[in-house]
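Asker: My file is upload-v8.cif. It has mmCIF, C-alpha atoms and all ligand atoms:
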```cif
data_query
#
loop_
_atom_site.group_PDB
_atom_site.id
_atom_site.type_symbol
_atom_site.label_atom_id
_atom_site.label_comp_id
_atom_site.auth_asym_id
_atom_site.auth_seq_id
_atom_site.Cartn_x
_atom_site.Cartn_y
_atom_site.Cartn_z
ATOM 1 C CA MET W 1 13.398 65.873 162.721
ATOM 2 C CA ARG W 2 16.958 67.237 162.765
ATOM 3 C CA PRO W 3 20.078 65.340 161.648
ATOM 4 C CA GLY W 4 21.306 63.207 164.535
ATOM 5 C CA ASP W 5 17.934 62.751 166.205
ATOM 6 C CA TYR W 6 16.987 59.168 166.806
ATOM 7 C CA ARG W 7 13.913 57.880 164.980
ATOM 8 C CA CYS W 8 12.227 55.169 167.029
ATOM 9 C CA PHE W 9 9.422 52.820 166.162
ATOM 10 C CA ILE W 10 7.268 50.628 168.282
ATOM 11 C CA GLY W 11 7.633 47.559 166.191
ATOM 12 C CA GLN W 12 9.204 44.224 165.550
ATOM 13 C CA ALA W 13 11.772 42.987 163.102
ATOM 14 C CA GLU W 14 10.507 40.972 160.195
ATOM 15 C CA ASN W 15 12.350 39.180 157.428
ATOM 16 C CA CYS W 16 11.776 40.656 154.004
ATOM 17 C CA GLY W 17 13.785 38.282 151.853
ATOM 18 C CA SER W 18 16.806 40.452 151.130
ATOM 19 C CA GLY W 19 17.258 41.272 154.803
ATOM 20 C CA THR W 20 15.450 42.308 157.924
ATOM 21 C CA ARG W 21 13.207 45.318 158.219
ATOM 22 C CA LEU W 22 11.214 46.813 161.007
ATOM 23 C CA ALA W 23 7.474 46.361 160.822
ATOM 24 C CA THR W 24 5.848 49.358 162.443
ATOM 25 C CA LEU W 25 3.083 48.386 164.796
ATOM 26 C CA GLY W 26 2.427 51.734 166.326
ATOM 27 C CA ARG W 27 3.424 55.370 166.241
ATOM 28 C CA ALA W 28 6.922 56.495 165.331
ATOM 29 C CA PHE W 29 8.570 58.896 167.735
ATOM 30 C CA THR W 30 11.767 60.869 167.842
ATOM 31 C CA ILE W 31 14.361 61.258 170.586
ATOM 32 C CA ALA W 32 16.395 64.429 170.218
ATOM 33 C CA ARG W 33 20.120 63.843 170.199
ATOM 34 C CA PRO W 34 21.603 65.503 173.292
ATOM 35 C CA LYS W 35 23.875 68.507 172.741
ATOM 36 C CA LEU W 36 27.485 67.935 173.708
ATOM 37 C CA ALA W 37 29.223 70.655 175.647
ATOM 38 C CA ARG W 38 32.728 69.920 174.395
ATOM 39 C CA VAL W 39 34.001 66.778 172.743
ATOM 40 C CA MET W 40 37.408 65.431 173.683
ATOM 41 C CA ARG W 41 38.852 63.438 170.829
ATOM 42 C CA LYS W 42 41.379 60.764 171.788
ATOM 43 C CA SER W 43 44.466 60.855 169.588
ATOM 44 C CA LEU W 44 44.869 58.147 166.984
ATOM 45 C CA ILE W 45 48.333 57.045 165.866
ATOM 46 C CA ALA W 46 48.344 54.592 162.970
ATOM 47 C CA ALA W 47 51.231 52.748 161.320
ATOM 48 C CA ASN W 48 50.778 52.083 157.604
ATOM 49 C CA TRP W 49 53.496 49.590 156.756
ATOM 50 C CA LYS W 50 52.477 49.545 153.071
ATOM 51 C CA CYS W 51 54.281 46.635 151.337
ATOM 52 C CA HIS W 52 56.933 46.268 154.053
ATOM 53 C CA GLY W 53 57.381 43.931 156.977
ATOM 54 C CA SER W 54 57.821 40.314 157.951
ATOM 55 C CA LEU W 55 56.574 37.878 160.575
ATOM 56 C CA LEU W 56 59.569 38.862 162.710
ATOM 57 C CA MET W 57 58.593 42.521 162.531
ATOM 58 C CA VAL W 58 54.997 41.646 163.415
ATOM 59 C CA ASP W 59 56.213 39.815 166.507
ATOM 60 C CA ASP W 60 58.548 42.657 167.515
ATOM 61 C CA PHE W 61 55.818 45.299 167.283
ATOM 62 C CA ALA W 62 53.096 43.199 168.915
ATOM 63 C CA ASN W 63 55.420 42.332 171.788
ATOM 64 C CA ALA W 64 56.622 45.915 172.261
ATOM 65 C CA LEU W 65 53.331 47.839 172.049
ATOM 66 C CA THR W 66 52.025 46.515 175.331
ATOM 67 C CA HIS W 67 51.513 49.709 177.323
ATOM 68 C CA HIS W 68 48.366 51.776 177.414
ATOM 69 C CA THR W 69 49.129 55.244 176.077
ATOM 70 C CA MET W 70 47.309 58.553 175.672
ATOM 71 C CA ALA W 71 46.488 57.547 172.091
ATOM 72 C CA ASP W 72 44.657 54.768 170.302
ATOM 73 C CA VAL W 73 47.330 52.879 168.365
ATOM 74 C CA VAL W 74 46.658 50.849 165.202
ATOM 75 C CA VAL W 75 49.118 48.929 163.036
ATOM 76 C CA PHE W 76 48.338 48.172 159.398
ATOM 77 C CA PRO W 77 50.703 45.420 158.269
ATOM 78 C CA PRO W 78 50.286 43.699 154.894
ATOM 79 C CA ALA W 79 47.038 41.676 154.985
ATOM 80 C CA VAL W 80 48.757 38.294 155.212
ATOM 81 C CA PHE W 81 50.269 39.293 158.586
ATOM 82 C CA VAL W 82 47.084 40.605 160.181
ATOM 83 C CA GLU W 83 46.028 37.377 161.841
ATOM 84 C CA ARG W 84 49.453 36.870 163.384
ATOM 85 C CA PHE W 85 49.490 40.441 164.665
ATOM 86 C CA ALA W 86 45.963 40.217 166.087
ATOM 87 C CA ASN W 87 46.742 36.933 167.830
ATOM 88 C CA GLN W 88 49.899 38.277 169.452
ATOM 89 C CA ALA W 89 48.859 41.802 170.400
ATOM 90 C CA LEU W 90 47.390 42.831 173.736
ATOM 91 C CA ASN W 91 44.436 45.204 173.879
ATOM 92 C CA THR W 92 46.887 48.107 173.829
ATOM 93 C CA VAL W 93 47.079 48.056 170.031
ATOM 94 C CA ASP W 94 44.612 47.228 167.247
ATOM 95 C CA CYS W 95 45.401 46.122 163.763
ATOM 96 C CA GLY W 96 43.840 46.664 160.395
ATOM 97 C CA VAL W 97 44.089 46.054 156.671
ATOM 98 C CA GLN W 98 45.343 48.555 154.115
ATOM 99 C CA ASP W 99 42.478 47.936 151.684
ATOM 100 C CA ILE W 100 39.431 45.722 151.116
ATOM 101 C CA GLY W 101 37.418 44.662 148.102
ATOM 102 C CA VAL W 102 33.865 45.838 147.573
ATOM 103 C CA ALA W 103 32.199 42.429 147.334
ATOM 104 C CA GLU W 104 31.483 40.199 150.315
ATOM 105 C CA SER W 105 32.732 37.199 148.299
ATOM 106 C CA GLY W 106 32.880 35.999 144.719
ATOM 107 C CA ALA W 107 35.150 35.436 141.735
ATOM 108 C CA TYR W 108 37.502 38.358 142.421
ATOM 109 C CA THR W 109 41.018 36.981 142.274
ATOM 110 C CA GLY W 110 43.358 38.647 144.738
ATOM 111 C CA GLU W 111 40.666 40.514 146.673
ATOM 112 C CA VAL W 112 40.181 40.352 150.434
ATOM 113 C CA ALA W 113 36.655 41.038 151.658
ATOM 114 C CA GLY W 114 36.025 43.115 154.746
ATOM 115 C CA GLU W 115 34.347 40.255 156.603
ATOM 116 C CA MET W 116 37.389 38.051 155.948
ATOM 117 C CA ALA W 117 39.727 40.729 157.266
ATOM 118 C CA ARG W 118 37.598 41.081 160.360
ATOM 119 C CA GLU W 119 37.555 37.329 160.886
ATOM 120 C CA ALA W 120 41.366 37.402 160.730
ATOM 121 C CA GLY W 121 41.425 40.016 163.501
ATOM 122 C CA ALA W 122 41.372 43.361 161.687
ATOM 123 C CA LYS W 123 39.353 46.085 163.351
ATOM 124 C CA TRP W 124 40.296 48.915 161.007
ATOM 125 C CA VAL W 125 40.744 49.481 157.284
ATOM 126 C CA ILE W 126 42.444 52.202 155.247
ATOM 127 C CA ILE W 127 40.242 53.392 152.367
ATOM 128 C CA GLY W 128 41.300 55.564 149.446
ATOM 129 C CA HIS W 129 45.024 55.902 150.133
ATOM 130 C CA SER W 130 46.587 58.059 147.414
ATOM 131 C CA GLU W 131 48.849 55.174 146.403
ATOM 132 C CA ARG W 132 45.728 53.167 145.562
ATOM 133 C CA ARG W 133 44.029 56.145 143.927
ATOM 134 C CA ASN W 134 47.082 56.647 141.700
ATOM 135 C CA ASP W 135 48.665 53.211 141.255
ATOM 136 C CA GLN W 136 45.422 51.208 141.071
ATOM 137 C CA GLN W 137 43.336 53.989 139.530
ATOM 138 C CA GLU W 138 40.767 53.823 142.327
ATOM 139 C CA SER W 139 37.968 56.240 141.487
ATOM 140 C CA ASP W 140 35.891 58.304 143.903
ATOM 141 C CA GLU W 141 32.969 55.992 143.117
ATOM 142 C CA LEU W 142 34.977 52.858 144.009
ATOM 143 C CA ILE W 143 36.218 54.502 147.204
ATOM 144 C CA ALA W 144 32.616 55.302 148.199
ATOM 145 C CA GLN W 145 31.721 51.642 147.633
ATOM 146 C CA LYS W 146 34.693 50.485 149.702
ATOM 147 C CA LEU W 147 33.750 52.816 152.531
ATOM 148 C CA LEU W 148 30.273 51.302 152.497
ATOM 149 C CA ALA W 149 31.765 47.785 152.422
ATOM 150 C CA ALA W 150 33.940 48.684 155.428
ATOM 151 C CA THR W 151 30.987 49.782 157.534
ATOM 152 C CA ARG W 152 29.015 46.712 156.409
ATOM 153 C CA ALA W 153 31.877 44.542 157.680
ATOM 154 C CA GLU W 154 32.027 46.563 160.915
ATOM 155 C CA LEU W 155 35.559 47.742 160.249
ATOM 156 C CA ARG W 156 36.551 51.240 161.340
ATOM 157 C CA PRO W 157 37.568 53.105 158.173
ATOM 158 C CA ILE W 158 40.382 55.611 157.861
ATOM 159 C CA LEU W 159 39.383 57.583 154.780
ATOM 160 C CA CYS W 160 42.403 59.190 153.094
ATOM 161 C CA VAL W 161 42.119 62.478 151.230
ATOM 162 C CA GLY W 162 44.771 64.845 149.928
ATOM 163 C CA GLU W 163 45.840 67.036 147.048
ATOM 164 C CA THR W 164 48.814 66.835 144.703
ATOM 165 C CA GLN W 165 51.548 69.463 144.493
ATOM 166 C CA SER W 166 50.108 70.952 141.290
ATOM 167 C CA GLN W 167 46.608 71.122 142.778
ATOM 168 C CA ARG W 168 48.018 72.994 145.789
ATOM 169 C CA GLU W 169 49.974 75.363 143.558
ATOM 170 C CA ALA W 170 46.804 76.075 141.594
ATOM 171 C CA GLY W 171 45.041 77.022 144.824
ATOM 172 C CA ASP W 172 42.694 74.045 144.566
ATOM 173 C CA ALA W 173 43.816 72.049 147.625
ATOM 174 C CA LEU W 174 40.719 72.573 149.762
ATOM 175 C CA ALA W 175 38.304 72.096 146.860
ATOM 176 C CA VAL W 176 40.004 68.799 145.901
ATOM 177 C CA VAL W 177 39.895 67.490 149.463
ATOM 178 C CA GLU W 178 36.263 68.549 149.937
ATOM 179 C CA GLN W 179 35.260 66.798 146.729
ATOM 180 C CA GLN W 180 37.082 63.595 147.775
ATOM 181 C CA LEU W 181 35.405 63.653 151.177
ATOM 182 C CA LEU W 182 31.889 64.395 149.944
ATOM 183 C CA SER W 183 31.986 61.763 147.206
ATOM 184 C CA ALA W 184 33.370 59.144 149.609
ATOM 185 C CA VAL W 185 30.604 59.586 152.179
ATOM 186 C CA ALA W 186 27.855 59.906 149.578
ATOM 187 C CA LYS W 187 26.586 56.365 150.171
ATOM 188 C CA LEU W 188 26.745 56.551 153.977
ATOM 189 C CA ASP W 189 25.048 58.178 156.887
ATOM 190 C CA VAL W 190 27.901 60.649 157.426
ATOM 191 C CA SER W 191 27.980 59.989 161.171
ATOM 192 C CA GLN W 192 29.537 56.605 160.378
ATOM 193 C CA ILE W 193 32.798 58.303 159.500
ATOM 194 C CA SER W 194 33.259 59.188 163.168
ATOM 195 C CA ILE W 195 33.572 55.465 163.945
ATOM 196 C CA GLY W 196 36.858 55.651 162.063
ATOM 197 C CA ALA W 197 38.793 58.742 161.018
ATOM 198 C CA VAL W 198 39.664 61.001 158.116
ATOM 199 C CA ALA W 199 43.353 61.156 157.203
ATOM 200 C CA TYR W 200 44.585 64.273 155.434
ATOM 201 C CA GLU W 201 47.608 63.121 153.461
ATOM 202 C CA PRO W 202 48.899 65.689 150.963
ATOM 203 C CA VAL W 203 50.341 63.613 148.132
ATOM 204 C CA TRP W 204 53.392 65.886 147.892
ATOM 205 C CA ALA W 205 54.315 65.096 151.494
ATOM 206 C CA ILE W 206 54.084 61.294 151.302
ATOM 207 C CA GLY W 207 57.466 59.609 151.395
ATOM 208 C CA THR W 208 59.190 62.820 150.284
ATOM 209 C CA GLY W 209 60.477 64.170 153.591
ATOM 210 C CA LEU W 210 58.420 67.324 152.867
ATOM 211 C CA THR W 211 55.990 67.654 155.756
ATOM 212 C CA ALA W 212 53.116 70.119 155.608
ATOM 213 C CA THR W 213 53.804 72.841 158.141
ATOM 214 C CA PRO W 214 51.655 72.590 161.263
ATOM 215 C CA GLN W 215 49.746 75.672 160.025
ATOM 216 C CA GLN W 216 49.167 74.234 156.529
ATOM 217 C CA ALA W 217 47.900 70.987 158.050
ATOM 218 C CA GLN W 218 45.769 72.800 160.639
ATOM 219 C CA ASP W 219 44.159 74.965 157.942
ATOM 220 C CA MET W 220 43.156 71.896 155.965
ATOM 221 C CA HIS W 221 41.969 69.943 159.008
ATOM 222 C CA LYS W 222 39.855 72.918 160.049
ATOM 223 C CA GLY W 223 38.391 73.081 156.534
ATOM 224 C CA ILE W 224 37.526 69.371 156.669
ATOM 225 C CA ARG W 225 35.884 69.789 160.068
ATOM 226 C CA GLU W 226 33.890 72.782 158.848
ATOM 227 C CA LEU W 227 32.689 70.774 155.881
ATOM 228 C CA LEU W 228 31.576 67.960 158.193
ATOM 229 C CA ARG W 229 29.871 70.554 160.408
ATOM 230 C CA GLN W 230 27.747 71.703 157.488
ATOM 231 C CA ILE W 231 26.393 68.150 157.297
ATOM 232 C CA ASP W 232 26.248 67.185 160.965
ATOM 233 C CA GLU W 233 27.616 69.088 163.936
ATOM 234 C CA ARG W 234 28.174 66.123 166.186
ATOM 235 C CA THR W 235 30.035 64.190 163.493
ATOM 236 C CA ALA W 236 32.278 67.221 163.003
ATOM 237 C CA ASP W 237 33.107 67.360 166.707
ATOM 238 C CA GLU W 238 33.643 63.630 167.142
ATOM 239 C CA THR W 239 35.525 62.664 163.992
ATOM 240 C CA ARG W 240 39.249 62.327 164.373
ATOM 241 C CA ILE W 241 41.120 64.026 161.554
ATOM 242 C CA ILE W 242 44.671 62.743 161.434
ATOM 243 C CA TYR W 243 47.624 63.922 159.357
ATOM 244 C CA GLY W 244 49.897 61.820 157.168
ATOM 245 C CA GLY W 245 52.964 62.769 155.140
ATOM 246 C CA SER W 246 56.536 62.436 156.394
ATOM 247 C CA VAL W 247 55.534 62.434 160.072
ATOM 248 C CA LYS W 248 58.594 61.725 162.234
ATOM 249 C CA ALA W 249 59.282 61.624 165.948
ATOM 250 C CA ASP W 250 60.807 65.112 165.760
ATOM 251 C CA ASN W 251 57.947 66.882 163.934
ATOM 252 C CA ALA W 252 55.018 65.022 165.521
ATOM 253 C CA ALA W 253 54.611 67.193 168.634
ATOM 254 C CA SER W 254 54.278 70.460 166.681
ATOM 255 C CA LEU W 255 51.665 68.895 164.404
ATOM 256 C CA PHE W 256 49.723 67.434 167.340
ATOM 257 C CA SER W 257 49.698 70.795 169.129
ATOM 258 C CA GLN W 258 47.226 72.082 166.505
ATOM 259 C CA PRO W 259 43.596 72.043 167.633
ATOM 260 C CA ASP W 260 42.224 70.083 164.681
ATOM 261 C CA ILE W 261 45.051 67.544 164.287
ATOM 262 C CA ASP W 262 44.009 64.441 166.188
ATOM 263 C CA GLY W 263 46.907 62.135 165.402
ATOM 264 C CA ALA W 264 48.872 60.713 162.497
ATOM 265 C CA LEU W 265 48.912 58.091 159.790
ATOM 266 C CA VAL W 266 52.595 57.219 159.603
ATOM 267 C CA GLY W 267 54.367 55.492 156.725
ATOM 268 C CA GLY W 268 58.168 55.264 156.680
ATOM 269 C CA ALA W 269 58.691 56.241 160.314
ATOM 270 C CA SER W 270 56.363 53.459 161.456
ATOM 271 C CA LEU W 271 58.752 50.760 160.233
ATOM 272 C CA GLN W 272 61.169 51.291 163.125
ATOM 273 C CA LEU W 273 59.853 50.581 166.608
ATOM 274 C CA ASP W 274 61.758 53.368 168.327
ATOM 275 C CA THR W 275 60.669 56.100 165.904
ATOM 276 C CA PHE W 276 57.067 54.899 165.909
ATOM 277 C CA MET W 277 57.071 54.839 169.705
ATOM 278 C CA GLY W 278 58.493 58.367 169.683
ATOM 279 C CA ILE W 279 55.493 59.502 167.621
ATOM 280 C CA ILE W 280 53.086 57.754 170.000
ATOM 281 C CA ALA W 281 54.793 59.483 172.926
ATOM 282 C CA ALA W 282 54.252 62.887 171.263
ATOM 283 C CA ALA W 283 50.476 62.347 171.057
HETATM 284 P P1 LIG I 1 55.215 58.627 154.933
HETATM 285 O O1 LIG I 1 55.054 58.791 156.421
HETATM 286 O O2 LIG I 1 56.272 57.629 154.556
HETATM 287 O O3 LIG I 1 55.365 59.939 154.245
HETATM 288 O O4 LIG I 1 53.846 57.981 154.389
HETATM 289 C C1 LIG I 1 52.642 58.546 154.753
HETATM 290 C C2 LIG I 1 51.558 57.641 154.338
HETATM 291 O O5 LIG I 1 51.330 57.455 153.161
HETATM 292 C C3 LIG I 1 50.788 56.961 155.388
HETATM 293 O O6 LIG I 1 49.660 56.355 154.867
#
```
Could you quickly redo this structure as structure tokens?
Ligand code: 13P
Answerer:
Amino acid sequence: MRPGDYRCFIGQAENCGSGTRLATLGRAFTIARPKLARVMRKSLIAANWKCHGSLLMVDDFANALTHHTMADVVVFPPAVFVERFANQALNTVDCGVQDIGVAESGAYTGEVAGEMAREAGAKWVIIGHSERRNDQQESDELIAQKLLAATRAELRPILCVGETQSQREAGDALAVVEQQLLSAVAKLDVSQISIGAVAYEPVWAIGTGLTATPQQAQDMHKGIRELLRQIDERTADETRIIYGGSVKADNAASLFSQPDIDGALVGGASLQLDTFMGIIAAA
């Protein structure tokens, strides 16, 4: 059996205490996954508001993002505004949370569980943003657990990876990003990452006005896709790899013209409707 084939059983579900498992009644058989000729990936443009915003801003964005565009559009406001956004928005824009806790519930003061976020209307979640890796000391192990929690809660994860300036200068950028990606998906069937996206966000480009050049970003995105291809070809073709780091309306088009850049995760420029809409228009 090759990765991606479907394993089928003639059987019935039975409860086994901790969950449900399939009781095999007959022979197992395998359906080969069909080969795809060429995969078209729809662009994904995401607004990470970080700790910015207000109810007024939620209303403005939800009421303005009402047209279907060439891209999937997702807004990540602070968690307390998600329900309001989800209730106001049409099906032209999704919303998500910027983080989730690992546990489904429990004595974890301040945490928001994935299921709770989903109940409030979130469809997406950002996992492993560099600000959480650095400011909250989130480890690769914790990020892997959060990615698993996201899929358990049926949220689409955007997994963030990216190197620091000194790591790039040392020539370690690709190795750092590969290690972050491999450790994050270690607890998953890797194909689940294609339900969401990978965001390449070089730390040195976040909030600094220093954007990676389209070629620098393309080289890294290609490296990420090649790494995914070593694990599963279809996942590599289907997964959207988006870029984040000082994306603006005037540099978006040149980034999006690269073959492996499938959209953007936008910070500062997503706080103004007109600039964010300019980035969507470039997709
Ligand atoms: P900026 O667009 O402000 O550089 O932020 C990028 C980012 O961190 C998005 O998650």
Asker: Report as a ChimeraX atom specification the full result of the PyMOL selection byres (((chain W and resi 77) around 10) and not hetatm) when it is applied to this structure.
Answerer: /W:47-55,57-58,74-76,78-83,85,95-98,271
Asker: Ligand LIG 1 (chain I): which residues are within 9 Å, counting only C-alpha atoms and all ligand atoms? Reply as a ChimeraX atom specification.
Answerer: /W:46-50,98,126,129-131,160,199,201-211,243-248,264-270
Asker: Rounded to one decimal place, report the CA of Gly278 in chain W-CA of Gln216 in chain W distance in Å.
Answerer: 22.6 Å
Asker: Show me, as a list in words, the residues that have an atom within 9 Å of range 144-150 of chain W when counting all atoms listed in the file, minus same-chain residues fewer than 4 positions from it.
Answerer: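 Contacts, with the query itself left out: Asp99, Ile100, Gly101, Val102, Ala103, Glu104, Ala113, Gly114, Glu115, Trp124, Val125, Ile127, Gly128, Ser139, Asp140, Glu154, Leu155, Arg156, Pro157, Ile158, Leu159, Ser183, Ala184, Val185, Ala186, Lys187, Leu188 and Ile193 of chain W.
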Asker: Determine the nearest neighbour of Pro259 in chain W from the options W:Ala173, W:Leu273, W:Ala107, W:Ala217, counting only C-alpha atoms.
Answerer: W:Ala217
Asker: So which residues touch Asp250 in chain W within 12 Å, counting only C-alpha atoms, skipping near sequence neighbours fewer than 5 positions away, as a VMD selection string?
Answerer: chain W and resid 211 255 to 256 269 275 to 283
Asker: At what distance in Å, to one decimal, does CA of Ser257 in chain W lie from CA of Asp172 in chain W?
Answerer: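 CA of Asp172 in chain W sits 25.7 Å away from CA of Ser257 in chain W.
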Asker: CA of Ala253 in chain W and CA of Val198 in chain W are how many Å apart?
Answerer: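 About the pair CA of Ala253 in chain W and CA of Val198 in chain W: they are 19.3 Å apart.
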Asker: Nearest to Ile224 in chain W: which of W:Gln179, W:Ser254, W:Gln192, W:Gln88 is it, counting only C-alpha atoms?
Answerer: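 For Ile224 in chain W, the nearest of the given residues is W:Gln179.
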Asker: Given the point (43.7, 47.7, 173.6) in the coordinates of this file, which residues lie within 9 Å, counting all atoms listed in the file, and how would they look as number ranges by chain?
Answerer: W: 66-68, 72-73, 89-94
